[in-house]
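Below is the file start-v3.cif, which contains mmCIF, C-alpha atoms and all ligand atoms.
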```
data_final
loop_
_atom_site.label_atom_id
_atom_site.label_comp_id
_atom_site.auth_asym_id
_atom_site.auth_seq_id
_atom_site.Cartn_x
_atom_site.Cartn_y
_atom_site.Cartn_z
CA MET A 1469 -15.76 2.65 22.05
CA GLY A 1470 -15.69 5.20 19.25
CA HIS A 1471 -14.09 8.47 20.16
CA THR A 1472 -14.74 11.34 17.79
CA ILE A 1473 -12.08 13.95 17.31
CA PHE A 1474 -14.40 16.62 18.61
CA ARG A 1475 -14.71 14.87 21.95
CA ARG A 1476 -10.96 14.69 22.45
CA GLU A 1477 -9.90 16.88 25.34
CA PHE A 1478 -7.27 19.19 23.95
CA VAL A 1479 -4.91 20.29 26.67
CA SER A 1480 -4.03 23.92 26.17
CA GLY A 1481 -3.05 27.06 28.02
CA ALA A 1482 -3.22 26.74 31.78
CA ALA A 1483 -4.27 23.08 31.61
CA ALA A 1484 -1.18 22.30 29.60
CA LEU A 1485 0.95 24.05 32.15
CA ALA A 1486 -0.64 21.89 34.83
CA VAL A 1487 0.43 18.66 33.12
CA MET A 1488 3.73 19.84 31.69
CA PRO A 1489 6.05 22.12 33.54
CA ASN A 1490 6.86 24.24 30.51
CA VAL A 1491 6.68 27.88 29.64
CA ILE A 1492 4.42 29.17 26.86
CA ALA A 1493 6.76 30.21 24.08
CA ASP A 1494 4.25 31.31 21.42
CA ILE A 1495 0.68 30.98 20.15
CA ASP A 1496 0.16 28.81 17.04
CA GLY A 1497 -2.17 29.44 14.04
CA ASP A 1498 -5.11 27.77 15.87
CA GLY A 1499 -4.64 30.02 18.89
CA ARG A 1500 -3.20 27.22 21.01
CA ALA A 1501 -0.39 27.75 23.43
CA VAL A 1502 2.87 26.54 21.96
CA LEU A 1503 5.11 25.31 24.71
CA ASP A 1504 8.82 24.97 24.42
CA GLY A 1505 8.16 21.43 25.64
CA GLU A 1506 6.81 20.87 22.12
CA ALA A 1507 10.32 21.01 20.75
CA ARG A 1508 11.31 18.39 23.29
CA LYS A 1509 8.34 16.17 22.34
CA LYS A 1510 9.19 16.47 18.65
CA LYS A 1511 12.57 15.10 19.50
CA THR A 1512 11.58 12.37 21.96
CA LEU A 1513 8.10 11.34 20.70
CA GLY A 1514 8.26 12.37 17.03
CA GLN A 1515 5.38 14.82 17.51
CA PHE A 1516 5.24 16.19 13.96
CA PHE A 1517 1.56 16.62 13.18
CA THR A 1518 0.10 16.16 9.70
CA LYS A 1519 -1.37 19.34 8.21
CA GLY A 1520 -4.03 19.51 5.50
CA SER A 1521 -5.16 16.63 3.34
CA CYS A 1522 -2.66 16.35 0.45
CA TRP A 1523 -1.90 12.84 1.74
CA LEU A 1524 -5.51 11.75 1.02
CA GLN A 1525 -5.06 11.30 -2.75
CA PRO A 1526 -8.05 9.76 -4.65
CA GLN A 1527 -6.55 6.24 -4.71
CA VAL A 1528 -5.96 6.42 -0.94
CA ALA A 1529 -9.56 7.55 -0.33
CA ASP A 1530 -10.75 4.69 -2.63
CA PHE A 1531 -8.67 2.23 -0.64
CA ILE A 1532 -10.26 3.39 2.64
CA ARG A 1533 -13.74 3.17 1.05
CA ASN A 1534 -13.09 -0.30 -0.42
CA SER A 1535 -11.88 -1.62 2.94
CA LYS A 1536 -15.54 -1.47 4.07
CA CYS A 1537 -14.30 -0.38 7.49
CA HIS A 1538 -16.37 2.25 9.27
CA ILE A 1539 -13.92 3.32 11.98
CA ALA A 1540 -10.69 5.30 11.39
CA TYR A 1541 -8.21 4.22 14.05
CA ASP A 1542 -4.98 6.12 14.77
CA PRO A 1543 -2.76 4.37 17.36
CA PHE A 1544 -0.35 7.38 17.23
CA SER A 1545 -3.05 10.06 17.30
CA GLY A 1546 -1.31 13.21 18.49
CA ARG A 1547 -3.76 16.03 17.82
CA GLY A 1548 -5.97 13.74 15.74
CA SER A 1549 -5.17 15.85 12.67
CA LEU A 1550 -5.80 13.04 10.17
CA PHE A 1551 -9.37 12.40 11.19
CA ALA A 1552 -11.03 15.57 9.87
CA SER A 1553 -9.75 14.95 6.31
CA VAL A 1554 -10.93 11.34 6.37
CA THR A 1555 -14.41 11.96 7.72
CA ASN A 1556 -14.88 14.84 5.23
CA ALA A 1557 -13.78 12.82 2.19
CA VAL A 1558 -14.88 9.26 2.95
CA SER A 1559 -18.52 9.05 4.00
CA SER A 1560 -18.29 5.34 4.93
CA ILE A 1561 -16.10 6.33 7.91
CA MET A 1562 -18.63 6.93 10.68
CA ASP A 1563 -16.39 7.09 13.72
CA THR A 1564 -12.82 7.80 14.78
CA THR A 1565 -10.75 6.46 17.64
CA GLY A 1566 -7.21 7.04 18.81
CA LEU A 1567 -4.41 6.20 21.22
CA ASP A 1568 -1.20 7.98 22.17
CA ILE A 1569 1.63 7.43 24.61
CA ASP A 1570 1.50 11.09 25.63
CA PRO A 1571 -1.37 11.60 28.12
CA SER A 1572 -1.49 15.33 27.35
CA GLN A 1573 -2.87 14.54 23.88
CA GLY A 1574 -6.15 13.51 25.53
CA TRP A 1575 -6.46 9.95 24.14
CA PRO A 1576 -6.36 6.65 26.03
CA VAL A 1577 -2.69 6.01 26.76
CA ASN A 1578 -1.06 3.09 24.95
CA ASP A 1579 2.47 2.15 23.94
CA SER A 1580 1.67 1.30 20.33
CA LEU A 1581 5.26 0.33 19.52
CA ILE A 1582 4.77 -2.65 21.87
CA LYS A 1583 1.17 -3.66 21.11
CA ILE A 1584 -1.84 -2.17 19.38
CA PRO A 1585 -5.22 -3.55 20.52
CA HIS A 1586 -7.37 -4.95 17.66
CA LYS A 1587 -10.61 -3.07 16.91
CA SER A 1588 -13.35 -4.69 14.91
CA GLY A 1589 -14.46 -2.75 11.79
CA ALA A 1590 -11.47 -0.40 11.99
CA ILE A 1591 -8.86 0.68 9.45
CA ILE A 1592 -5.64 2.12 10.84
CA ILE A 1593 -4.92 5.57 9.41
CA THR A 1594 -1.85 7.14 10.91
CA ASN A 1595 1.43 8.93 10.73
CA PRO A 1596 3.63 7.13 13.27
CA PRO A 1597 6.85 8.53 14.82
CA TYR A 1598 10.04 8.14 12.74
CA ILE A 1599 13.56 7.94 14.07
CA SER A 1600 16.42 5.73 12.96
CA LYS A 1601 18.61 3.85 15.40
CA TYR A 1602 21.55 5.90 14.12
CA SER A 1603 19.84 9.29 14.71
CA ALA A 1604 18.57 8.08 18.08
CA SER A 1605 22.10 7.43 19.25
CA ARG A 1606 23.37 10.74 17.79
CA LYS A 1607 20.57 12.61 19.58
CA ARG A 1608 21.17 10.64 22.79
CA LEU A 1609 17.74 9.00 22.64
CA ALA A 1610 19.03 5.46 22.29
CA ASP A 1611 18.38 4.47 25.94
CA GLY A 1612 14.68 5.38 25.76
CA LEU A 1613 14.20 3.53 22.45
CA LYS A 1614 16.31 0.49 23.30
CA LYS A 1615 13.31 -1.57 24.44
CA TYR A 1616 11.80 -1.23 20.95
CA PHE A 1617 14.96 -1.79 18.92
CA ASP A 1618 15.84 -4.83 21.07
CA LEU A 1619 12.66 -6.56 19.87
CA THR A 1620 13.23 -6.06 16.16
CA GLU A 1621 15.65 -6.43 13.27
CA TYR A 1622 14.56 -3.05 11.87
CA ASP A 1623 16.58 0.12 12.31
CA ASP A 1624 13.81 2.72 12.32
CA VAL A 1625 10.88 3.23 14.67
CA TYR A 1626 8.40 3.68 11.79
CA LEU A 1627 9.14 0.11 10.59
CA ILE A 1628 8.48 -1.22 14.11
CA ALA A 1629 5.22 0.78 14.12
CA LEU A 1630 4.24 -0.78 10.77
CA GLU A 1631 4.85 -4.28 12.17
CA ARG A 1632 2.61 -3.59 15.18
CA MET A 1633 -0.11 -2.07 12.96
CA LEU A 1634 -0.19 -5.10 10.63
CA GLU A 1635 -0.45 -7.40 13.67
CA ALA A 1636 -3.49 -5.43 14.89
CA GLN A 1637 -5.48 -4.73 11.72
CA LYS A 1638 -5.82 -6.05 8.17
CA ASN A 1639 -6.16 -2.61 6.58
CA VAL A 1640 -3.51 0.00 7.27
CA VAL A 1641 -2.84 3.43 5.75
CA ALA A 1642 0.33 5.10 6.99
CA ILE A 1643 2.32 8.22 6.11
CA ILE A 1644 5.94 7.15 6.46
CA PRO A 1645 9.38 8.13 5.07
CA GLU A 1646 9.95 7.40 1.39
CA THR A 1647 13.06 5.47 2.37
CA PHE A 1648 10.54 2.66 3.03
CA ILE A 1649 10.71 1.76 -0.68
CA ASN A 1650 14.39 0.84 -0.38
CA SER A 1651 14.05 -0.59 3.14
CA PRO A 1652 14.29 -4.31 3.99
CA PHE A 1653 10.71 -4.39 5.38
CA LYS A 1654 9.60 -8.00 5.06
CA LYS A 1655 5.87 -7.53 4.51
CA LYS A 1656 5.95 -5.38 1.39
CA ASN A 1657 4.03 -8.12 -0.39
CA LEU A 1658 0.97 -7.23 1.75
CA LEU A 1659 0.87 -3.75 0.20
CA ASN A 1660 -1.88 -2.53 -2.08
CA SER A 1661 -0.21 0.72 -3.18
CA ILE A 1662 2.43 3.32 -2.42
CA THR A 1663 1.77 7.01 -3.05
CA ILE A 1664 4.73 9.37 -3.21
CA LEU A 1665 3.84 12.82 -1.88
CA GLU A 1666 5.84 15.56 -3.53
CA GLU A 1667 3.70 18.09 -1.69
CA ASN A 1668 4.84 18.27 1.92
CA PRO A 1669 2.07 17.40 4.44
CA PHE A 1670 4.10 18.93 7.29
CA THR A 1671 5.06 22.48 8.16
CA ASP A 1672 7.90 21.57 10.50
CA THR A 1673 9.91 18.88 8.67
CA GLU A 1674 11.03 18.23 5.10
CA THR A 1675 11.29 14.44 5.46
CA PRO A 1676 10.18 13.04 2.06
CA VAL A 1677 7.15 10.83 2.69
CA VAL A 1678 4.88 8.28 1.03
CA VAL A 1679 1.42 6.98 1.91
CA VAL A 1680 1.41 3.19 2.09
CA CYS A 1681 -1.87 1.25 1.86
CA PHE A 1682 -1.80 -2.35 3.13
CA ASP A 1683 -4.71 -4.77 2.54
CA SER A 1684 -2.77 -7.74 4.01
CA CYS A 1685 -3.39 -9.88 0.89
CA ARG A 1686 -0.16 -11.53 -0.27
CA LYS A 1687 0.71 -10.62 -3.85
CA PRO A 1688 3.64 -10.32 -6.27
CA PHE A 1689 5.38 -6.94 -6.47
CA SER A 1690 4.07 -6.63 -10.05
CA LYS A 1691 0.59 -6.08 -8.55
CA ILE A 1692 1.66 -3.31 -6.16
CA ARG A 1693 1.10 0.09 -7.76
CA ILE A 1694 3.19 3.20 -7.16
CA PHE A 1695 1.66 6.65 -7.61
CA LYS A 1696 3.12 10.14 -7.55
CA GLY A 1697 0.34 12.28 -6.14
CA SER A 1698 -2.72 10.96 -7.96
CA GLU A 1699 -0.80 9.72 -11.03
CA TYR A 1700 0.06 6.06 -11.51
CA THR A 1701 3.76 5.64 -12.37
CA CYS A 1702 4.85 1.97 -12.19
CA THR A 1703 4.78 -1.15 -10.06
CA LEU A 1704 7.08 -2.06 -7.20
CA GLN A 1705 8.49 -4.81 -9.44
CA ASP A 1706 9.46 -2.20 -12.07
CA VAL A 1707 11.50 -0.42 -9.39
CA GLU A 1708 13.13 -3.67 -8.25
CA ASP A 1709 14.03 -4.48 -11.88
CA CYS A 1710 15.96 -1.19 -12.15
CA ARG A 1711 18.21 -1.83 -9.17
CA LEU A 1712 21.92 -1.82 -10.05
CA VAL A 1713 24.24 -3.94 -7.94
CA PRO A 1714 28.03 -3.50 -8.24
CA GLU A 1715 30.20 -6.56 -8.89
CA ASN A 1716 33.42 -4.86 -7.74
CA SER A 1717 34.89 -5.78 -11.12
CA VAL A 1718 36.61 -2.41 -11.74
CA ARG A 1719 39.17 -0.74 -9.49
CA MET A 1720 38.02 2.76 -8.46
CA LYS A 1721 38.35 5.06 -5.47
CA PHE A 1722 35.72 7.51 -4.24
CA ASN A 1723 36.52 10.87 -2.63
CA ASP A 1724 39.99 10.81 -4.19
CA LEU A 1725 41.39 14.29 -4.91
CA ASP A 1726 43.48 12.74 -7.71
CA GLY A 1727 40.32 11.48 -9.44
CA TRP A 1728 39.28 12.94 -12.81
CA LEU A 1729 35.62 11.90 -12.75
CA GLY A 1730 33.36 14.26 -10.84
CA VAL A 1731 29.94 13.09 -9.68
CA ARG A 1732 27.21 15.37 -8.40
CA CYS A 1733 25.42 12.80 -6.23
CA VAL A 1734 22.39 14.90 -5.39
CA ASP A 1735 19.94 16.98 -7.43
CA SER A 1736 20.37 20.68 -6.71
CA THR A 1737 17.21 22.76 -6.38
CA ASN A 1738 17.84 23.97 -9.95
CA PRO A 1739 16.43 21.43 -12.47
CA SER A 1740 19.26 22.27 -14.89
CA ASP A 1741 21.85 21.15 -12.32
CA MET A 1742 20.71 17.64 -11.50
CA LEU A 1743 22.87 14.73 -10.39
CA ARG A 1744 25.34 13.74 -13.08
CA PHE A 1745 28.79 12.48 -14.04
CA ASP A 1746 31.23 14.98 -15.60
CA PHE A 1747 34.86 16.00 -15.84
CA LYS A 1748 35.95 17.42 -12.49
CA GLU A 1749 36.55 20.86 -14.04
CA ASN A 1750 33.01 21.02 -15.51
CA ILE A 1751 31.37 20.88 -12.07
CA ASP A 1752 31.42 24.19 -10.23
CA TYR A 1753 32.81 23.07 -6.87
CA ASN A 1754 35.89 23.70 -4.77
CA TRP A 1755 37.08 20.10 -4.77
CA GLU A 1756 40.32 20.78 -2.88
CA LYS A 1757 38.39 22.33 0.00
CA GLY A 1758 35.21 20.24 -0.14
CA ILE A 1759 36.23 16.62 -0.60
CA LYS A 1760 36.61 14.58 2.58
CA VAL A 1761 36.51 10.84 3.27
CA SER A 1762 32.93 11.30 4.42
CA SER A 1763 31.73 13.34 1.39
CA ARG A 1764 28.51 11.96 -0.08
CA LEU A 1765 26.91 14.85 -2.02
CA LEU A 1766 29.72 15.42 -4.50
CA THR A 1767 32.60 13.08 -5.10
CA LEU A 1768 35.71 12.67 -7.21
CA VAL A 1769 36.39 9.17 -8.49
CA SER A 1770 39.72 7.86 -9.71
CA VAL A 1771 39.15 5.18 -12.33
CA ASP A 1772 41.59 4.18 -15.03
CA VAL A 1773 40.15 5.38 -18.35
CA PRO A 1774 42.43 6.56 -21.21
CA HIS A 1775 42.13 10.28 -21.98
CA ASN A 1776 40.72 9.73 -25.47
CA LYS A 1777 37.86 7.62 -24.11
CA ARG A 1778 36.86 9.79 -21.16
CA GLN A 1779 34.17 11.84 -22.91
CA ALA A 1780 32.47 8.67 -24.17
CA PHE A 1781 32.82 7.21 -20.68
CA VAL A 1782 31.11 10.23 -19.04
CA ASP A 1783 28.33 10.16 -21.65
CA THR A 1784 27.76 6.46 -21.06
CA CYS A 1785 27.58 6.87 -17.26
CA ASN A 1786 24.97 9.63 -17.73
CA ALA A 1787 23.01 7.54 -20.25
CA ILE A 1788 22.80 4.63 -17.78
CA LEU A 1789 21.82 6.98 -14.95
CA ASN A 1790 19.11 8.70 -16.98
CA ASP A 1791 17.77 5.37 -18.21
CA VAL A 1792 17.38 4.15 -14.63
CA ARG A 1793 15.77 7.42 -13.56
CA GLU A 1794 13.31 7.24 -16.42
CA ARG A 1795 12.39 3.57 -16.10
CA SER A 1796 11.91 3.72 -12.31
CA HIS A 1797 10.29 7.20 -12.44
CA ASP A 1798 13.15 8.22 -10.12
CA VAL A 1799 11.85 5.95 -7.38
CA MET A 1800 14.93 3.71 -7.35
CA LEU A 1801 17.05 6.63 -6.18
CA SER A 1802 16.71 7.66 -2.55
CA PRO A 1803 14.82 10.88 -1.91
CA PHE A 1804 16.71 13.92 -0.69
CA LYS A 1805 15.09 16.57 1.46
CA GLY A 1806 12.95 19.14 -0.34
CA ASN A 1807 12.03 19.53 -3.98
CA MET A 1808 13.62 21.10 -7.04
CA LYS A 1809 12.19 24.48 -8.10
CA ASN A 1810 9.90 22.64 -10.57
CA GLY A 1811 8.25 20.79 -7.64
CA VAL A 1812 9.91 17.43 -8.44
CA ARG A 1813 11.48 15.64 -5.49
CA ARG A 1814 15.26 15.83 -5.29
CA ARG A 1815 17.12 12.51 -5.49
CA ARG A 1816 20.42 11.16 -4.21
CA LEU A 1817 22.78 8.72 -5.92
CA ASP A 1818 24.33 6.37 -3.35
CA PHE A 1819 27.90 5.14 -3.86
CA GLN A 1820 26.81 1.52 -4.46
CA THR A 1821 24.59 2.50 -7.41
CA CYS A 1822 27.24 4.97 -8.60
CA ARG A 1823 29.85 2.19 -8.58
CA ALA A 1824 27.51 -0.13 -10.50
CA ILE A 1825 26.95 2.56 -13.16
CA ILE A 1826 30.71 3.16 -13.52
CA GLU A 1827 31.27 -0.61 -13.87
CA GLN A 1828 28.66 -0.87 -16.62
CA ALA A 1829 30.17 2.09 -18.49
CA TYR A 1830 33.60 0.51 -18.13
CA GLU A 1831 32.40 -2.77 -19.60
CA ARG A 1832 31.00 -0.91 -22.57
CA ILE A 1833 33.75 1.65 -23.26
CA ILE A 1834 36.90 -0.12 -22.13
CA ALA A 1835 36.10 -3.83 -22.30
CA GLY A 1836 33.97 -3.27 -25.41
CA LYS A 1837 31.00 -5.28 -24.15
CA LYS A 1838 27.62 -4.16 -25.37
CA SER A 1839 25.07 -3.65 -22.63
CA ASN A 1840 21.44 -3.74 -23.75
CA MET A 1841 20.49 -0.86 -21.52
CA VAL A 1842 23.22 1.44 -22.82
CA GLN A 1843 22.58 0.49 -26.46
CA GLN A 1844 18.91 1.34 -26.03
CA THR A 1845 19.58 4.77 -24.64
CA LEU A 1846 22.65 6.01 -26.55
C1 LIG B 1901 4.24 11.95 13.98
S1 LIG B 1901 3.09 12.23 15.30
C2 LIG B 1901 1.63 12.02 14.38
C3 LIG B 1901 0.35 12.33 15.04
C4 LIG B 1901 -0.88 12.15 14.12
N1 LIG B 1901 -0.99 10.77 13.71
C5 LIG B 1901 -0.80 13.06 12.91
O1 LIG B 1901 -0.65 12.54 11.82
O2 LIG B 1901 -0.87 14.28 13.08
C6 LIG B 1901 3.30 10.72 16.19
C7 LIG B 1901 2.50 10.60 17.47
O3 LIG B 1901 2.83 9.32 18.07
C8 LIG B 1901 2.93 9.47 19.47
N2 LIG B 1901 3.81 8.40 19.95
C9 LIG B 1901 5.16 8.36 19.99
N3 LIG B 1901 5.58 7.18 20.47
C10 LIG B 1901 4.46 6.45 20.76
C11 LIG B 1901 4.23 5.15 21.26
N4 LIG B 1901 5.26 4.35 21.59
N5 LIG B 1901 2.96 4.72 21.40
C12 LIG B 1901 1.92 5.53 21.06
N6 LIG B 1901 2.07 6.78 20.59
C13 LIG B 1901 3.33 7.23 20.42
C14 LIG B 1901 3.48 10.88 19.67
O4 LIG B 1901 3.14 11.34 20.96
C15 LIG B 1901 2.80 11.64 18.53
O5 LIG B 1901 1.60 12.22 18.97
#
```

Translate the structure of the given file into structure tokens.
Ligand SMILES: C[S@@+](CC[C@H](N)C(=O)[O-])C[C@H]1O[C@@H](n2cnc3c(N)ncnc32)[C@H](O)[C@@H]1O
Amino acid sequence: MGHTIFRREFVSGAAALAVMPNVIADIDGDGRAVLDGEARKKKTLGQFFTKGSCWLQPQVADFIRNSKCHIAYDPFSGRGSLFASVTNAVSSIMDTTGLDIDPSQGWPVNDSLIKIPHKSGAIIITNPPYISKYSASRKRLADGLKKYFDLTEYDDVYLIALERMLEAQKNVVAIIPETFINSPFKKKNLLNSITILEENPFTDTETPVVVVCFDSCRKPFSKIRIFKGSEYTCTLQDVEDCRLVPENSVRMKFNDLDGWLGVRCVDSTNPSDMLRFDFKENIDYNWEKGIKVSSRLLTLVSVDVPHNKRQAFVDTCNAILNDVRERSHDVMLSPFKGNMKNGVRRRRLDFQTCRAIIEQAYERIIAGKKSNMVQQTL
């Protein structure tokens, strides 16, 4: 049965108090009672609701239209926030229907991480809960989520949700963390497109997200398009082709206070201070105080390069890094929370990629081998 958003029974005020023994902490922008139980449900059920319609970029709306489905189906409905944008923008969607595990949301109750019932003529449009196995254990939520993680090889709830969605429906649109692009999800070849959202569709989290559209038709990665907002950037294959894998051919040590090579491994919010390689003394940072074994945002690397070749070495590392950023439109690097002041998403350089870059620079500067990529960009 279709279930329009306007018929959903929103539990608020006194009714909410009847179902949840919480105190009203505040009133939100829509005049609804905000309970301090909401903080608890954010933590345990991932109740971060999508605001506005920046996620519904033209190619996503086209995908929904081309699916020929007439029902928008959200198996993790929450407040049903996604439905209004869809019914406003895509006239072929005539009805909406939802499920949620939390009875107070007013939808039929279903555990959609275990099974999602199939609905004929429906396209799933959702923003499922996200939480990694690692965060779950840090936040002491592991016991509650064990039954889901025990059934899967994946280490984040949103990947389990994607599996269930693709079992239920052919067409799926989901707002999920951008880390999906670098994840080991096995059904990426059923994707139609990935849209990176640099505008944040949430008011209460800065998790960098993408909108994935699945049509369940198997295809090579060279046919899967990646957009930033409404702009086409490259294919998923282009991103795969940029991946750098270290061979462990050069001895180096990360987070070594005796190292001479400084690496800013994350873009700052200032676009003129982006991630880069440099002499330790050229990066404004208190290395002695800041560097620990666990440091990941800035690091000092000890690698054996003669003094007279160090400037060329640094320049080569940066040339390789910038080449990869440019060719993959940044997508190969993991996102880091928030944007730079120019609105571009901040990126993080992981140690594996950093090691691979240092190895390639070493080959070129010390071993004298000519790498095509470096020759092109220097
Ligand atoms: C991130 S919120 C998104 C809600 C809505 N889709 C939106 O975009 O605003 C995720 C929703 O999934 C619900 N949820 C969490 N675990 C669930 C499960 N196992 N089965 C069904 N719903 C679940 C939460 O209660 C929450 O309402």

With a distance cut-off of 8 Å and all atoms listed in the file, select the neighbouring residues of A:Pro1576, excluding the residue or stretch itself and same-chain residues fewer than 5 positions from it, and output the selection as a PDB file with C-alpha atoms, in the coordinates of the input.
```pdb
ATOM      1  CA  GLY A1566      -7.210   7.040  18.810  1.00  0.00           C
ATOM      2  CA  LEU A1567      -4.410   6.200  21.220  1.00  0.00           C
ATOM      3  CA  ASP A1568      -1.200   7.980  22.170  1.00  0.00           C
ATOM      4  CA  PRO A1571      -1.370  11.600  28.120  1.00  0.00           C
TER       5      PRO A1571
END
```

Notebook entry, point to check: When distances are computed from all atoms listed in the file, which of A:Val1679, A:Leu1658, A:Tyr1622, A:Arg1606 shows the smallest separation from ligand LIG 1901 (chain B)?
Noted result: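 Closest candidate: A:Val1679.
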
List as a Markdown table every residue of chain A that is in contact with ligand LIG 1901 (chain B), defined as an atom at most 10 Å from one of its atoms (using all atoms listed in the file), together with the nearest atom pair and the distance in Å rounded to one decimal, sorted by chain and then rising number.
```
| residue | atom | partner | partner_atom | distance |
| --- | --- | --- | --- | --- |
| A:Lys1509 | CA | B:LIG1901 | O4 | 7.2 |
| A:Lys1510 | CA | B:LIG1901 | C15 | 8.0 |
| A:Thr1512 | CA | B:LIG1901 | C9 | 7.8 |
| A:Leu1513 | CA | B:LIG1901 | C9 | 4.2 |
| A:Gly1514 | CA | B:LIG1901 | C1 | 5.1 |
| A:Gln1515 | CA | B:LIG1901 | S1 | 4.1 |
| A:Phe1516 | CA | B:LIG1901 | C1 | 4.4 |
| A:Phe1517 | CA | B:LIG1901 | O2 | 3.4 |
| A:Thr1518 | CA | B:LIG1901 | O2 | 4.0 |
| A:Lys1519 | CA | B:LIG1901 | O2 | 7.0 |
| A:Gly1520 | CA | B:LIG1901 | O2 | 9.7 |
| A:Tyr1541 | CA | B:LIG1901 | N1 | 9.8 |
| A:Asp1542 | CA | B:LIG1901 | N1 | 6.2 |
| A:Pro1543 | CA | B:LIG1901 | C12 | 6.1 |
| A:Phe1544 | CA | B:LIG1901 | O3 | 3.8 |
| A:Ser1545 | CA | B:LIG1901 | N1 | 4.2 |
| A:Gly1546 | CA | B:LIG1901 | O5 | 3.1 |
| A:Arg1547 | CA | B:LIG1901 | O2 | 5.8 |
| A:Gly1548 | CA | B:LIG1901 | C4 | 5.6 |
| A:Ser1549 | CA | B:LIG1901 | O2 | 4.6 |
| A:Leu1550 | CA | B:LIG1901 | O1 | 5.4 |
| A:Phe1551 | CA | B:LIG1901 | O1 | 8.7 |
| A:Gly1566 | CA | B:LIG1901 | N1 | 8.9 |
| A:Leu1567 | CA | B:LIG1901 | C12 | 6.4 |
| A:Asp1568 | CA | B:LIG1901 | N6 | 3.8 |
| A:Ile1569 | CA | B:LIG1901 | C12 | 4.0 |
| A:Asp1570 | CA | B:LIG1901 | O4 | 5.0 |
| A:Pro1571 | CA | B:LIG1901 | O4 | 8.5 |
| A:Ser1572 | CA | B:LIG1901 | O4 | 8.8 |
| A:Gln1573 | CA | B:LIG1901 | O5 | 7.0 |
| A:Trp1575 | CA | B:LIG1901 | N6 | 9.8 |
| A:Pro1576 | CA | B:LIG1901 | C12 | 9.7 |
| A:Val1577 | CA | B:LIG1901 | C12 | 7.3 |
| A:Asn1578 | CA | B:LIG1901 | C12 | 5.5 |
| A:Asp1579 | CA | B:LIG1901 | N5 | 3.6 |
| A:Ser1580 | CA | B:LIG1901 | N5 | 3.8 |
| A:Leu1581 | CA | B:LIG1901 | N4 | 4.5 |
| A:Ile1582 | CA | B:LIG1901 | N4 | 7.0 |
| A:Lys1583 | CA | B:LIG1901 | N5 | 8.6 |
| A:Ile1584 | CA | B:LIG1901 | N5 | 8.6 |
| A:Ile1593 | CA | B:LIG1901 | N1 | 7.8 |
| A:Thr1594 | CA | B:LIG1901 | N1 | 4.7 |
| A:Asn1595 | CA | B:LIG1901 | N1 | 4.3 |
| A:Pro1596 | CA | B:LIG1901 | C6 | 4.6 |
| A:Pro1597 | CA | B:LIG1901 | C1 | 4.4 |
| A:Tyr1598 | CA | B:LIG1901 | C1 | 7.0 |
| A:Leu1613 | CA | B:LIG1901 | N4 | 9.0 |
| A:Tyr1616 | CA | B:LIG1901 | N4 | 8.6 |
| A:Val1625 | CA | B:LIG1901 | N3 | 8.8 |
| A:Tyr1626 | CA | B:LIG1901 | C1 | 9.5 |
| A:Ile1628 | CA | B:LIG1901 | N4 | 9.9 |
| A:Ala1629 | CA | B:LIG1901 | N4 | 8.3 |
| A:Ala1642 | CA | B:LIG1901 | N1 | 8.9 |
| A:Ile1643 | CA | B:LIG1901 | O1 | 7.8 |
| A:Ile1644 | CA | B:LIG1901 | C1 | 9.1 |
| A:Pro1669 | CA | B:LIG1901 | O1 | 9.2 |
| A:Phe1670 | CA | B:LIG1901 | O2 | 8.9 |
```

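For the pair atom CA of A:Ala1610 and atom CA of A:Ala1507, the interatomic distance is 17.9 Å.
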
Checklist line | Distance query A:Val1761 at most 9 Å, all atoms listed in the file, self and fewer than 4 positions along chain excluded, as a list in words | finding: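 In the requested format, the answer is Phe1722, Asn1723 and Asp1724 of chain A.
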
Please save C-alpha atoms of the selected residues as a PDB file, in the coordinates of the input.
```pdb
ATOM      1  CA  PHE A1722      35.720   7.510  -4.240  1.00  0.00           C
ATOM      2  CA  ASN A1723      36.520  10.870  -2.630  1.00  0.00           C
ATOM      3  CA  ASP A1724      39.990  10.810  -4.190  1.00  0.00           C
TER       4      ASP A1724
END
```

Check: What is the atom CA of A:Ile1694 to atom CA of A:Ser1661 distance in Å?
Finding: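 Computing the Euclidean distance for atom CA of A:Ile1694 and atom CA of A:Ser1661 yields 5.8 Å.
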
Checklist line | Point-to-point distance from atom CA of A:Thr1671 to atom CA of A:Thr1564, Å rounded to tenths | finding: 24.1 Å

Could you produce a table of the residues of stretch 1678-1745 of chain A lying within 12 Å of stretch 1781-1792 of chain A, with the nearest pair of atoms per residue and their separation in Å rounded to one decimal, using all atoms listed in the file, ordered by chain and increasing residue number, as a tab-separated table?
```
residue	atom	partner	partner_atom	distance
A:Asp1706	CA	A:Val1792	CA	10.5
A:Val1707	CA	A:Val1792	CA	9.1
A:Glu1708	CA	A:Val1792	CA	11.0
A:Asp1709	CA	A:Val1792	CA	9.7
A:Cys1710	CA	A:Val1792	CA	6.1
A:Arg1711	CA	A:Val1792	CA	8.1
A:Leu1712	CA	A:Val1792	CA	8.8
A:Trp1728	CA	A:Val1782	CA	10.6
A:Leu1729	CA	A:Val1782	CA	7.9
A:Gly1730	CA	A:Val1782	CA	9.4
A:Val1731	CA	A:Val1782	CA	9.9
A:Arg1732	CA	A:Asn1786	CA	11.2
A:Cys1733	CA	A:Leu1789	CA	11.1
A:Met1742	CA	A:Asn1790	CA	10.6
A:Leu1743	CA	A:Leu1789	CA	9.1
A:Arg1744	CA	A:Asn1786	CA	6.2
A:Phe1745	CA	A:Val1782	CA	6.0
```

Next item on the list: Name the closest residue to A:Phe1747 among the candidates A:Asn1660, A:Ser1770, A:Gln1779, A:Asn1807; distances are taken between atoms, counting only C-alpha atoms.
Entry: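 With only C-alpha atoms as the atom set, the closest residue is A:Gln1779.
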